[in-house]
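Below: coords-v4.pdb (PDB, C-alpha atoms, pLDDT in the B column)
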ATOM      1  CA  MET A   1      48.026-182.591  25.200  1.00 44.00           C
ATOM      2  CA  ASN A   2      47.566-180.917  28.553  1.00 51.00           C
ATOM      3  CA  THR A   3      50.911-182.274  29.719  1.00 54.00           C
ATOM      4  CA  ARG A   4      52.656-180.960  26.614  1.00 54.00           C
ATOM      5  CA  PHE A   5      50.988-177.561  26.990  1.00 45.00           C
ATOM      6  CA  ALA A   6      52.044-177.424  30.627  1.00 49.00           C
ATOM      7  CA  ARG A   7      55.646-178.159  29.655  1.00 55.00           C
ATOM      8  CA  ILE A   8      55.606-175.380  27.059  1.00 42.00           C
ATOM      9  CA  VAL A   9      54.200-172.894  29.578  1.00 39.00           C
ATOM     10  CA  LEU A  10      56.784-173.943  32.161  1.00 45.00           C
ATOM     11  CA  SER A  11      59.569-173.568  29.606  1.00 50.00           C
ATOM     12  CA  LEU A  12      58.378-170.092  28.655  1.00 44.00           C
ATOM     13  CA  CYS A  13      58.109-169.055  32.306  1.00 43.00           C
ATOM     14  CA  LEU A  14      61.640-170.242  33.034  1.00 44.00           C
ATOM     15  CA  SER A  15      62.927-168.338  29.990  1.00 46.00           C
ATOM     16  CA  VAL A  16      61.228-165.132  31.150  1.00 37.00           C
ATOM     17  CA  ILE A  17      62.653-165.552  34.642  1.00 40.00           C
ATOM     18  CA  PHE A  18      66.153-166.132  33.233  1.00 42.00           C
ATOM     19  CA  LEU A  19      66.004-163.149  30.880  1.00 38.00           C
ATOM     20  CA  THR A  20      64.566-160.892  33.579  1.00 41.00           C
ATOM     21  CA  SER A  21      67.329-161.919  35.971  1.00 42.00           C
ATOM     22  CA  ALA A  22      70.028-161.362  33.336  1.00 40.00           C
ATOM     23  CA  ASN A  23      68.584-157.960  32.443  1.00 42.00           C
ATOM     24  CA  ALA A  24      68.461-156.951  36.118  1.00 41.00           C
ATOM     25  CA  GLN A  25      72.134-157.839  36.427  1.00 46.00           C
ATOM     26  CA  ASP A  26      72.957-155.788  33.321  1.00 59.00           C
ATOM     27  CA  VAL A  27      71.350-152.640  34.696  1.00 73.00           C
ATOM     28  CA  ALA A  28      72.441-153.028  38.316  1.00 92.00           C
ATOM     29  CA  PRO A  29      74.189-149.802  39.324  1.00 97.00           C
ATOM     30  CA  LEU A  30      77.903-149.732  40.011  1.00 98.00           C
ATOM     31  CA  LYS A  31      78.739-149.116  43.641  1.00 98.00           C
ATOM     32  CA  VAL A  32      81.326-146.340  43.783  1.00 98.00           C
ATOM     33  CA  LEU A  33      82.992-144.783  46.823  1.00 98.00           C
ATOM     34  CA  LEU A  34      84.317-141.269  46.153  1.00 98.00           C
ATOM     35  CA  VAL A  35      86.945-140.203  48.694  1.00 98.00           C
ATOM     36  CA  THR A  36      87.535-136.481  48.484  1.00 98.00           C
ATOM     37  CA  GLY A  37      88.618-133.448  50.471  1.00 97.00           C
ATOM     38  CA  GLY A  38      91.788-131.653  51.492  1.00 97.00           C
ATOM     39  CA  CYS A  39      93.713-128.805  49.982  1.00 96.00           C
ATOM     40  CA  CYS A  40      93.380-126.631  46.970  1.00 94.00           C
ATOM     41  CA  HIS A  41      90.264-127.682  44.992  1.00 96.00           C
ATOM     42  CA  ASP A  42      86.492-127.309  44.878  1.00 97.00           C
ATOM     43  CA  TYR A  43      85.664-130.872  45.883  1.00 97.00           C
ATOM     44  CA  PRO A  44      81.884-130.506  46.358  1.00 97.00           C
ATOM     45  CA  PHE A  45      81.590-129.107  42.823  1.00 98.00           C
ATOM     46  CA  GLN A  46      83.768-131.872  41.394  1.00 98.00           C
ATOM     47  CA  ALA A  47      81.776-134.600  43.146  1.00 98.00           C
ATOM     48  CA  GLU A  48      78.518-133.281  41.735  1.00 98.00           C
ATOM     49  CA  ALA A  49      80.088-132.953  38.284  1.00 98.00           C
ATOM     50  CA  LEU A  50      81.051-136.640  38.293  1.00 98.00           C
ATOM     51  CA  LYS A  51      77.573-137.686  39.401  1.00 98.00           C
ATOM     52  CA  LYS A  52      75.951-135.577  36.688  1.00 98.00           C
ATOM     53  CA  ALA A  53      78.345-136.873  34.032  1.00 98.00           C
ATOM     54  CA  ALA A  54      77.542-140.496  34.816  1.00 98.00           C
ATOM     55  CA  THR A  55      73.795-139.810  34.700  1.00 98.00           C
ATOM     56  CA  GLU A  56      74.045-137.951  31.385  1.00 98.00           C
ATOM     57  CA  ARG A  57      75.939-140.883  29.873  1.00 97.00           C
ATOM     58  CA  GLY A  58      73.384-143.413  31.056  1.00 96.00           C
ATOM     59  CA  ILE A  59      75.729-145.030  33.577  1.00 96.00           C
ATOM     60  CA  LYS A  60      73.916-146.095  36.718  1.00 97.00           C
ATOM     61  CA  ILE A  61      76.090-145.497  39.779  1.00 98.00           C
ATOM     62  CA  ASP A  62      75.228-145.782  43.436  1.00 98.00           C
ATOM     63  CA  TRP A  63      77.581-143.154  44.868  1.00 98.00           C
ATOM     64  CA  LYS A  64      78.850-142.784  48.400  1.00 98.00           C
ATOM     65  CA  VAL A  65      80.837-139.556  48.873  1.00 98.00           C
ATOM     66  CA  VAL A  66      83.192-139.226  51.835  1.00 98.00           C
ATOM     67  CA  ASN A  67      84.531-135.673  52.218  1.00 97.00           C
ATOM     68  CA  GLU A  68      86.556-135.612  55.430  1.00 96.00           C
ATOM     69  CA  GLY A  69      89.776-134.119  56.726  1.00 96.00           C
ATOM     70  CA  GLY A  70      89.095-130.426  56.187  1.00 95.00           C
ATOM     71  CA  ASN A  71      90.896-128.314  53.590  1.00 95.00           C
ATOM     72  CA  GLY A  72      94.481-128.620  54.788  1.00 96.00           C
ATOM     73  CA  THR A  73      97.359-130.781  53.593  1.00 96.00           C
ATOM     74  CA  GLU A  74      97.462-133.235  56.495  1.00 96.00           C
ATOM     75  CA  ALA A  75      94.692-135.494  57.783  1.00 96.00           C
ATOM     76  CA  GLU A  76      93.942-139.084  58.754  1.00 96.00           C
ATOM     77  CA  ILE A  77      90.262-139.574  58.044  1.00 97.00           C
ATOM     78  CA  ASP A  78      87.936-141.863  59.990  1.00 96.00           C
ATOM     79  CA  LEU A  79      86.992-143.893  56.904  1.00 97.00           C
ATOM     80  CA  TYR A  80      90.281-145.771  56.853  1.00 95.00           C
ATOM     81  CA  LYS A  81      90.151-146.752  60.530  1.00 91.00           C
ATOM     82  CA  ASN A  82      87.951-149.674  59.492  1.00 92.00           C
ATOM     83  CA  GLU A  83      90.036-152.420  57.889  1.00 89.00           C
ATOM     84  CA  LYS A  84      87.034-153.333  55.707  1.00 95.00           C
ATOM     85  CA  TRP A  85      86.531-149.769  54.469  1.00 97.00           C
ATOM     86  CA  ALA A  86      86.575-150.779  50.774  1.00 98.00           C
ATOM     87  CA  GLU A  87      84.287-153.803  50.942  1.00 97.00           C
ATOM     88  CA  GLY A  88      81.158-153.783  48.810  1.00 97.00           C
ATOM     89  CA  TYR A  89      82.344-151.238  46.232  1.00 98.00           C
ATOM     90  CA  ASP A  90      83.090-151.862  42.567  1.00 98.00           C
ATOM     91  CA  VAL A  91      85.419-148.854  42.394  1.00 98.00           C
ATOM     92  CA  ILE A  92      87.062-146.415  44.811  1.00 98.00           C
ATOM     93  CA  VAL A  93      87.578-142.929  43.331  1.00 98.00           C
ATOM     94  CA  HIS A  94      90.406-141.028  45.017  1.00 98.00           C
ATOM     95  CA  ASN A  95      90.119-137.275  44.460  1.00 98.00           C
ATOM     96  CA  GLU A  96      91.697-136.048  47.684  1.00 97.00           C
ATOM     97  CA  CYS A  97      94.742-133.903  48.480  1.00 97.00           C
ATOM     98  CA  PHE A  98      96.653-134.573  51.719  1.00 98.00           C
ATOM     99  CA  ALA A  99     100.282-134.104  50.708  1.00 98.00           C
ATOM    100  CA  ASN A 100     101.815-133.975  54.187  1.00 97.00           C
ATOM    101  CA  THR A 101     100.181-137.051  55.693  1.00 97.00           C
ATOM    102  CA  LYS A 102     102.978-139.587  56.102  1.00 96.00           C
ATOM    103  CA  ASN A 103     101.903-142.217  58.657  1.00 97.00           C
ATOM    104  CA  ALA A 104     103.095-145.453  57.035  1.00 98.00           C
ATOM    105  CA  ASP A 105     100.637-147.707  58.878  1.00 96.00           C
ATOM    106  CA  TYR A 106      97.739-145.465  57.889  1.00 97.00           C
ATOM    107  CA  ILE A 107      98.795-145.400  54.222  1.00 98.00           C
ATOM    108  CA  ARG A 108      99.293-149.163  54.086  1.00 97.00           C
ATOM    109  CA  ARG A 109      95.790-149.687  55.475  1.00 96.00           C
ATOM    110  CA  ILE A 110      94.596-147.996  52.276  1.00 98.00           C
ATOM    111  CA  THR A 111      96.931-149.655  49.795  1.00 98.00           C
ATOM    112  CA  LYS A 112      96.374-153.110  51.308  1.00 98.00           C
ATOM    113  CA  ALA A 113      92.685-152.952  50.369  1.00 98.00           C
ATOM    114  CA  HIS A 114      93.587-152.011  46.808  1.00 98.00           C
ATOM    115  CA  PHE A 115      96.271-154.670  46.486  1.00 98.00           C
ATOM    116  CA  GLU A 116      93.714-157.248  47.575  1.00 98.00           C
ATOM    117  CA  GLY A 117      91.299-156.208  44.843  1.00 98.00           C
ATOM    118  CA  ALA A 118      89.633-152.833  45.490  1.00 98.00           C
ATOM    119  CA  ASN A 119      89.630-151.219  42.031  1.00 98.00           C
ATOM    120  CA  ALA A 120      90.550-147.537  41.883  1.00 98.00           C
ATOM    121  CA  VAL A 121      90.296-144.328  39.909  1.00 98.00           C
ATOM    122  CA  VAL A 122      92.847-141.673  40.892  1.00 98.00           C
ATOM    123  CA  ILE A 123      92.418-138.036  39.871  1.00 98.00           C
ATOM    124  CA  HIS A 124      94.809-135.071  39.918  1.00 98.00           C
ATOM    125  CA  CYS A 125      95.965-134.318  43.478  1.00 98.00           C
ATOM    126  CA  ALA A 126      95.593-137.950  44.494  1.00 98.00           C
ATOM    127  CA  MET A 127      99.051-138.189  42.893  1.00 98.00           C
ATOM    128  CA  HIS A 128     100.443-135.694  45.434  1.00 98.00           C
ATOM    129  CA  THR A 129      98.543-137.141  48.379  1.00 98.00           C
ATOM    130  CA  TYR A 130     100.978-138.714  50.894  1.00 98.00           C
ATOM    131  CA  ARG A 131     103.794-137.005  48.991  1.00 97.00           C
ATOM    132  CA  ALA A 132     105.745-136.535  52.241  1.00 97.00           C
ATOM    133  CA  ALA A 133     105.647-140.237  53.064  1.00 98.00           C
ATOM    134  CA  GLU A 134     108.932-142.102  53.005  1.00 97.00           C
ATOM    135  CA  ILE A 135     107.305-145.312  51.800  1.00 98.00           C
ATOM    136  CA  ASP A 136     106.361-145.865  48.152  1.00 98.00           C
ATOM    137  CA  ASP A 137     103.251-147.998  48.656  1.00 98.00           C
ATOM    138  CA  TRP A 138     100.774-145.291  47.642  1.00 98.00           C
ATOM    139  CA  ARG A 139     102.829-144.209  44.645  1.00 98.00           C
ATOM    140  CA  GLU A 140     103.117-147.822  43.488  1.00 98.00           C
ATOM    141  CA  MET A 141      99.338-148.178  43.778  1.00 98.00           C
ATOM    142  CA  LEU A 142      98.817-145.047  41.652  1.00 98.00           C
ATOM    143  CA  GLY A 143     101.104-146.357  38.919  1.00 98.00           C
ATOM    144  CA  VAL A 144     103.139-143.130  38.730  1.00 98.00           C
ATOM    145  CA  THR A 145     105.301-141.041  41.041  1.00 98.00           C
ATOM    146  CA  SER A 146     104.840-137.258  41.049  1.00 98.00           C
ATOM    147  CA  ARG A 147     105.862-134.681  43.635  1.00 96.00           C
ATOM    148  CA  ARG A 148     105.341-131.375  41.834  1.00 97.00           C
ATOM    149  CA  HIS A 149     103.499-129.680  39.006  1.00 97.00           C
ATOM    150  CA  GLU A 150     104.189-126.898  36.536  1.00 97.00           C
ATOM    151  CA  HIS A 151     102.184-123.753  35.832  1.00 96.00           C
ATOM    152  CA  LYS A 152      98.591-123.651  34.699  1.00 96.00           C
ATOM    153  CA  SER A 153      98.070-123.629  30.967  1.00 98.00           C
ATOM    154  CA  ASN A 154      95.990-125.047  28.138  1.00 98.00           C
ATOM    155  CA  TYR A 155      97.966-128.239  27.534  1.00 98.00           C
ATOM    156  CA  LEU A 156      97.806-130.328  24.397  1.00 98.00           C
ATOM    157  CA  VAL A 157      96.974-133.970  25.182  1.00 98.00           C
ATOM    158  CA  ARG A 158      97.783-136.701  22.655  1.00 98.00           C
ATOM    159  CA  ASN A 159      95.862-139.971  22.627  1.00 98.00           C
ATOM    160  CA  VAL A 160      98.555-142.648  22.266  1.00 98.00           C
ATOM    161  CA  MET A 161      96.236-145.676  22.768  1.00 98.00           C
ATOM    162  CA  PRO A 162      93.091-144.888  20.747  1.00 97.00           C
ATOM    163  CA  LYS A 163      91.974-148.539  20.662  1.00 96.00           C
ATOM    164  CA  HIS A 164      91.914-148.875  24.441  1.00 97.00           C
ATOM    165  CA  ALA A 165      88.393-149.051  25.910  1.00 96.00           C
ATOM    166  CA  VAL A 166      89.039-146.020  28.126  1.00 97.00           C
ATOM    167  CA  MET A 167      90.112-143.889  25.155  1.00 98.00           C
ATOM    168  CA  LYS A 168      87.358-144.833  22.693  1.00 92.00           C
ATOM    169  CA  ASP A 169      85.610-141.452  23.046  1.00 93.00           C
ATOM    170  CA  PHE A 170      88.841-139.466  23.296  1.00 97.00           C
ATOM    171  CA  PRO A 171      89.948-137.450  20.254  1.00 98.00           C
ATOM    172  CA  LYS A 172      93.376-137.836  18.687  1.00 98.00           C
ATOM    173  CA  GLU A 173      94.301-134.531  20.330  1.00 98.00           C
ATOM    174  CA  TRP A 174      92.599-132.460  23.014  1.00 98.00           C
ATOM    175  CA  VAL A 175      93.496-129.138  24.610  1.00 98.00           C
ATOM    176  CA  THR A 176      92.740-128.908  28.319  1.00 98.00           C
ATOM    177  CA  PRO A 177      90.994-126.049  30.068  1.00 98.00           C
ATOM    178  CA  ASN A 178      93.394-124.043  32.250  1.00 97.00           C
ATOM    179  CA  ASP A 179      94.961-126.907  34.212  1.00 98.00           C
ATOM    180  CA  GLU A 180      98.231-128.086  35.767  1.00 98.00           C
ATOM    181  CA  LEU A 181     100.809-130.426  34.237  1.00 98.00           C
ATOM    182  CA  TYR A 182     102.103-132.892  36.822  1.00 98.00           C
ATOM    183  CA  ILE A 183     105.765-133.867  36.524  1.00 98.00           C
ATOM    184  CA  ILE A 184     105.995-137.664  36.443  1.00 98.00           C
ATOM    185  CA  GLU A 185     109.264-138.876  37.944  1.00 97.00           C
ATOM    186  CA  LYS A 186     108.579-142.582  37.542  1.00 98.00           C
ATOM    187  CA  VAL A 187     106.165-144.855  35.725  1.00 98.00           C
ATOM    188  CA  TRP A 188     105.733-148.055  37.725  1.00 98.00           C
ATOM    189  CA  PRO A 189     105.690-151.539  36.157  1.00 97.00           C
ATOM    190  CA  ASP A 190     102.296-152.720  34.861  1.00 96.00           C
ATOM    191  CA  THR A 191     101.339-149.143  33.989  1.00 98.00           C
ATOM    192  CA  LYS A 192     100.019-148.556  30.472  1.00 98.00           C
ATOM    193  CA  VAL A 193     100.282-144.934  29.300  1.00 98.00           C
ATOM    194  CA  LEU A 194      97.193-143.873  27.329  1.00 98.00           C
ATOM    195  CA  ALA A 195      97.834-140.147  26.768  1.00 98.00           C
ATOM    196  CA  THR A 196     100.684-137.683  27.147  1.00 98.00           C
ATOM    197  CA  SER A 197     101.406-133.953  27.357  1.00 98.00           C
ATOM    198  CA  VAL A 198     104.609-131.971  26.872  1.00 98.00           C
ATOM    199  CA  SER A 199     106.103-129.606  29.425  1.00 98.00           C
ATOM    200  CA  GLU A 200     106.101-126.015  28.186  1.00 97.00           C
ATOM    201  CA  LYS A 201     109.237-125.407  30.247  1.00 96.00           C
ATOM    202  CA  THR A 202     111.455-128.390  29.430  1.00 97.00           C
ATOM    203  CA  GLY A 203     109.867-130.042  26.393  1.00 97.00           C
ATOM    204  CA  GLU A 204     109.749-133.337  28.300  1.00 97.00           C
ATOM    205  CA  LEU A 205     106.898-135.772  27.706  1.00 97.00           C
ATOM    206  CA  HIS A 206     104.732-136.760  30.683  1.00 98.00           C
ATOM    207  CA  PRO A 207     101.959-139.355  31.047  1.00 98.00           C
ATOM    208  CA  VAL A 208      98.631-137.702  31.875  1.00 98.00           C
ATOM    209  CA  ILE A 209      96.206-140.628  31.466  1.00 98.00           C
ATOM    210  CA  TRP A 210      96.999-144.282  32.184  1.00 98.00           C
ATOM    211  CA  THR A 211      95.831-147.634  33.483  1.00 98.00           C
ATOM    212  CA  HIS A 212      97.646-149.765  36.014  1.00 98.00           C
ATOM    213  CA  LYS A 213      97.516-153.206  37.589  1.00 98.00           C
ATOM    214  CA  TYR A 214      98.167-153.217  41.348  1.00 98.00           C
ATOM    215  CA  GLY A 215      97.888-156.642  42.916  1.00 98.00           C
ATOM    216  CA  LYS A 216      94.347-157.759  42.068  1.00 98.00           C
ATOM    217  CA  ALA A 217      93.099-154.220  41.435  1.00 98.00           C
ATOM    218  CA  ARG A 218      92.548-152.320  38.211  1.00 98.00           C
ATOM    219  CA  VAL A 219      93.598-148.667  38.487  1.00 98.00           C
ATOM    220  CA  PHE A 220      92.776-145.799  36.120  1.00 98.00           C
ATOM    221  CA  GLY A 221      94.472-142.445  36.576  1.00 98.00           C
ATOM    222  CA  THR A 222      94.715-138.922  35.224  1.00 98.00           C
ATOM    223  CA  THR A 223      96.775-136.003  36.482  1.00 98.00           C
ATOM    224  CA  TYR A 224      94.352-133.441  35.081  1.00 98.00           C
ATOM    225  CA  GLY A 225      91.364-132.194  37.079  1.00 98.00           C
ATOM    226  CA  HIS A 226      92.547-129.097  38.938  1.00 97.00           C
ATOM    227  CA  ALA A 227      89.915-126.543  38.024  1.00 94.00           C
ATOM    228  CA  ASN A 228      86.131-126.643  37.877  1.00 97.00           C
ATOM    229  CA  GLU A 229      86.413-125.841  34.172  1.00 98.00           C
ATOM    230  CA  THR A 230      88.065-129.232  33.637  1.00 98.00           C
ATOM    231  CA  PHE A 231      85.186-130.945  35.443  1.00 98.00           C
ATOM    232  CA  GLU A 232      82.819-129.182  33.046  1.00 98.00           C
ATOM    233  CA  ASP A 233      84.689-130.377  29.957  1.00 98.00           C
ATOM    234  CA  LYS A 234      82.997-133.168  27.997  1.00 98.00           C
ATOM    235  CA  VAL A 235      86.224-134.857  26.870  1.00 98.00           C
ATOM    236  CA  PHE A 236      87.590-134.989  30.416  1.00 98.00           C
ATOM    237  CA  LEU A 237      84.331-136.310  31.833  1.00 98.00           C
ATOM    238  CA  ASP A 238      84.053-138.905  29.058  1.00 98.00           C
ATOM    239  CA  VAL A 239      87.462-140.356  29.855  1.00 98.00           C
ATOM    240  CA  VAL A 240      86.925-140.362  33.622  1.00 98.00           C
ATOM    241  CA  ILE A 241      83.553-142.113  33.334  1.00 98.00           C
ATOM    242  CA  ASN A 242      85.085-144.608  30.912  1.00 98.00           C
ATOM    243  CA  GLY A 243      87.890-145.056  33.423  1.00 98.00           C
ATOM    244  CA  ILE A 244      85.383-145.854  36.176  1.00 98.00           C
ATOM    245  CA  LYS A 245      83.682-148.420  33.927  1.00 98.00           C
ATOM    246  CA  TRP A 246      87.022-149.960  32.951  1.00 98.00           C
ATOM    247  CA  ALA A 247      88.223-150.146  36.556  1.00 98.00           C
ATOM    248  CA  ALA A 248      84.960-151.880  37.483  1.00 98.00           C
ATOM    249  CA  GLY A 249      85.519-154.439  34.727  1.00 96.00           C
ATOM    250  CA  LYS A 250      82.614-153.136  32.639  1.00 86.00           C
TER     251      LYS A 250
END

When written as structure tokens, how does the structure in this file appear?
Amino acid sequence: MNTRFARIVLSLCLSVIFLTSANAQDVAPLKVLLVTGGCCHDYPFQAEALKKAATERGIKIDWKVVNEGGNGTEAEIDLYKNEKWAEGYDVIVHNECFANTKNADYIRRITKAHFEGANAVVIHCAMHTYRAAEIDDWREMLGVTSRRHEHKSNYLVRNVMPKHAVMKDFPKEWVTPNDELYIIEKVWPDTKVLATSVSEKTGELHPVIWTHKYGKARVFGTTYGHANETFEDKVFLDVVINGIKWAAGK
């Protein structure tokens, strides 16, 4: 009887340990590196808006924010001098704007980490970062090629993949705060367009939200995110936080 009781107690203890361990894994925070800085946007505000949005949605994230390079269009930041700069993170969020940086070796140090499996979220001016570069490595990583944008306006966004995990909280249609439409010259292979907007000048359709597969990495992107008003908009924040979760494989 004592032996049987001991076995039952041991079994219950092992079950509790297993369930506790599984639960701890479920609630472990995502490790996210936010790379930001450069020209034309209020990056400190946007960083805090993303942190707040994750917290409000019950998503535990251990953030590291790197804001380097000043507020110009050209910089090579210290972060990327370390070949292992992306190790240990579930997702790298690129929300920087350095259009005139064109050092191929420097750019490939970044894209190499992503190709080898560093998942990414790319927002707004990340699409125009390294725009002056002659190589296409960064643009291929993004999943789209863009070199210019049109005027600010309240653009209609259509959800073309409502069943996708990223778009589950996104309405059928959404009108942006006063934001910029990026002209997409090319959609790279393995890019899945999730939402589109129409140019008010030409009537052409442009991807504005997408996912992409780059090597071993999952990439989520959106060209919107210029103004602080966009980073205060619930629909925009919902899709970006969902994009972070998707990129992390969650």

query: Rounded to one decimal in Å, what is the spacing between CA of Leu79 in chain A and CA of Ile92 in chain A?
result: 12.4 Å

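Evaluated against the shown file, the PyMOL selection byres ((chain A and resi 173) around 8) gives Leu156, Val157, Arg158, Asn159, Phe170, Pro171, Lys172, Trp174 and Val175 of chain A.
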
message: Give me the residues near Asp137 in chain A as an NGL selection string, where near means some atom within 8 Å (using only C-alpha atoms) and where sequence neighbours in that chain fewer than 2 positions away do not count.
response: :A and (107-108 or 111 or 135 or 139-141)

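Straight-line separation from CA of Arg148 in chain A to CA of Thr230 in chain A: 19.2 Å.
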
Find the residues with any atom within 12 Å of (88.5, -149.7, 56.8); use only C-alpha atoms and the coordinates as given in the file, and write the answer as a PDB file with C-alpha atoms, in the frame of the given file.
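Resulting contents of point.pdb:
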ATOM      1  CA  ILE A  77      90.262-139.574  58.044  1.00 97.00           C
ATOM      2  CA  ASP A  78      87.936-141.863  59.990  1.00 96.00           C
ATOM      3  CA  LEU A  79      86.992-143.893  56.904  1.00 97.00           C
ATOM      4  CA  TYR A  80      90.281-145.771  56.853  1.00 95.00           C
ATOM      5  CA  LYS A  81      90.151-146.752  60.530  1.00 91.00           C
ATOM      6  CA  ASN A  82      87.951-149.674  59.492  1.00 92.00           C
ATOM      7  CA  GLU A  83      90.036-152.420  57.889  1.00 89.00           C
ATOM      8  CA  LYS A  84      87.034-153.333  55.707  1.00 95.00           C
ATOM      9  CA  TRP A  85      86.531-149.769  54.469  1.00 97.00           C
ATOM     10  CA  ALA A  86      86.575-150.779  50.774  1.00 98.00           C
ATOM     11  CA  GLU A  87      84.287-153.803  50.942  1.00 97.00           C
ATOM     12  CA  GLY A  88      81.158-153.783  48.810  1.00 97.00           C
ATOM     13  CA  TYR A 106      97.739-145.465  57.889  1.00 97.00           C
ATOM     14  CA  ILE A 107      98.795-145.400  54.222  1.00 98.00           C
ATOM     15  CA  ARG A 108      99.293-149.163  54.086  1.00 97.00           C
ATOM     16  CA  ARG A 109      95.790-149.687  55.475  1.00 96.00           C
ATOM     17  CA  ILE A 110      94.596-147.996  52.276  1.00 98.00           C
ATOM     18  CA  THR A 111      96.931-149.655  49.795  1.00 98.00           C
ATOM     19  CA  LYS A 112      96.374-153.110  51.308  1.00 98.00           C
ATOM     20  CA  ALA A 113      92.685-152.952  50.369  1.00 98.00           C
ATOM     21  CA  HIS A 114      93.587-152.011  46.808  1.00 98.00           C
ATOM     22  CA  ALA A 118      89.633-152.833  45.490  1.00 98.00           C
TER      23      ALA A 118
END

task: Given the file shown, enumerate the residues that the PyMOL selection byres ((chain A and resi 231-240) around 9) captures and present them as a PyMOL selection string.
output: chain A and resi 45-46+49-50+53-54+57+121+123+166-171+174+176-177+209+220-222+224-230+241-245

message: Please list as a PyMOL selection string every residue within 8 Å of range 27-37 of chain A, counting all atoms listed in the file and excluding residues in the same chain fewer than 5 positions away.
response: chain A and resi 43+47+59-71+88-97+248

- prompt: Which of these residues is nearest to Glu180 in chain A, using only C-alpha atoms: A:Thr73, A:Asn119, A:Asn100, A:Asn154?
  reply: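 Distance minimum relative to Glu180 in chain A lands on A:Asn154.
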
Using all atoms of range 192-204 of chain A that appear in the file, construct an axis-aligned enclosing box with 6 Å of padding on every side and provide its centre coordinates and edge lengths in Å, rounded to one decimal, as lines of an AutoDock Vina configuration file.
center_x = 104.3
center_y = -137.0
center_z = 28.4
size_x = 26.3
size_y = 35.1
size_z = 16.1

Hey, what comes out of the PyMOL selection byres ((chain A and resi 217) around 7) on this file? Could you write it as a compact mmCIF listing (two decimals) with C-alpha atoms, in the frame of the given file?
# COMPACT_ATOMS: atom_id res chain seq x y z
CA HIS A 114 93.59 -152.01 46.81
CA PHE A 115 96.27 -154.67 46.49
CA GLU A 116 93.71 -157.25 47.58
CA GLY A 117 91.30 -156.21 44.84
CA ALA A 118 89.63 -152.83 45.49
CA ASN A 119 89.63 -151.22 42.03
CA LYS A 213 97.52 -153.21 37.59
CA TYR A 214 98.17 -153.22 41.35
CA GLY A 215 97.89 -156.64 42.92
CA LYS A 216 94.35 -157.76 42.07
CA ARG A 218 92.55 -152.32 38.21
CA VAL A 219 93.60 -148.67 38.49

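In this model, the gap between CA of Gly249 in chain A and CA of Val193 in chain A comes to 18.4 Å.
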
message: Which residue is closest to Tyr130 in chain A? Choose from A:Asp179, A:Glu185, A:Glu74, A:Glu150 and count all atoms listed in the file.
response: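 Ranked by minimum distance to Tyr130 in chain A, first place goes to A:Glu74.
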
message: With only C-alpha atoms as the counted atoms, please give the residues lying no more than 6 Å from His212 in chain A, apart from itself and same-chain residues fewer than 6 positions off, as number ranges by chain.
response: A: 143, 190-191, 219

field: Residue nearest His41 in chain A - candidates A:Phe98, A:Trp138, A:Tyr182, A:Trp246, atoms counted: all atoms listed in the file
entry: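 Distance minimum relative to His41 in chain A lands on A:Phe98.
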
Nearest candidate to Pro162 in chain A (options A:Ala195, A:Leu142, A:Pro189, A:Thr223; using all atoms listed in the file):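 Closest to Pro162 in chain A of all the choices is A:Ala195.
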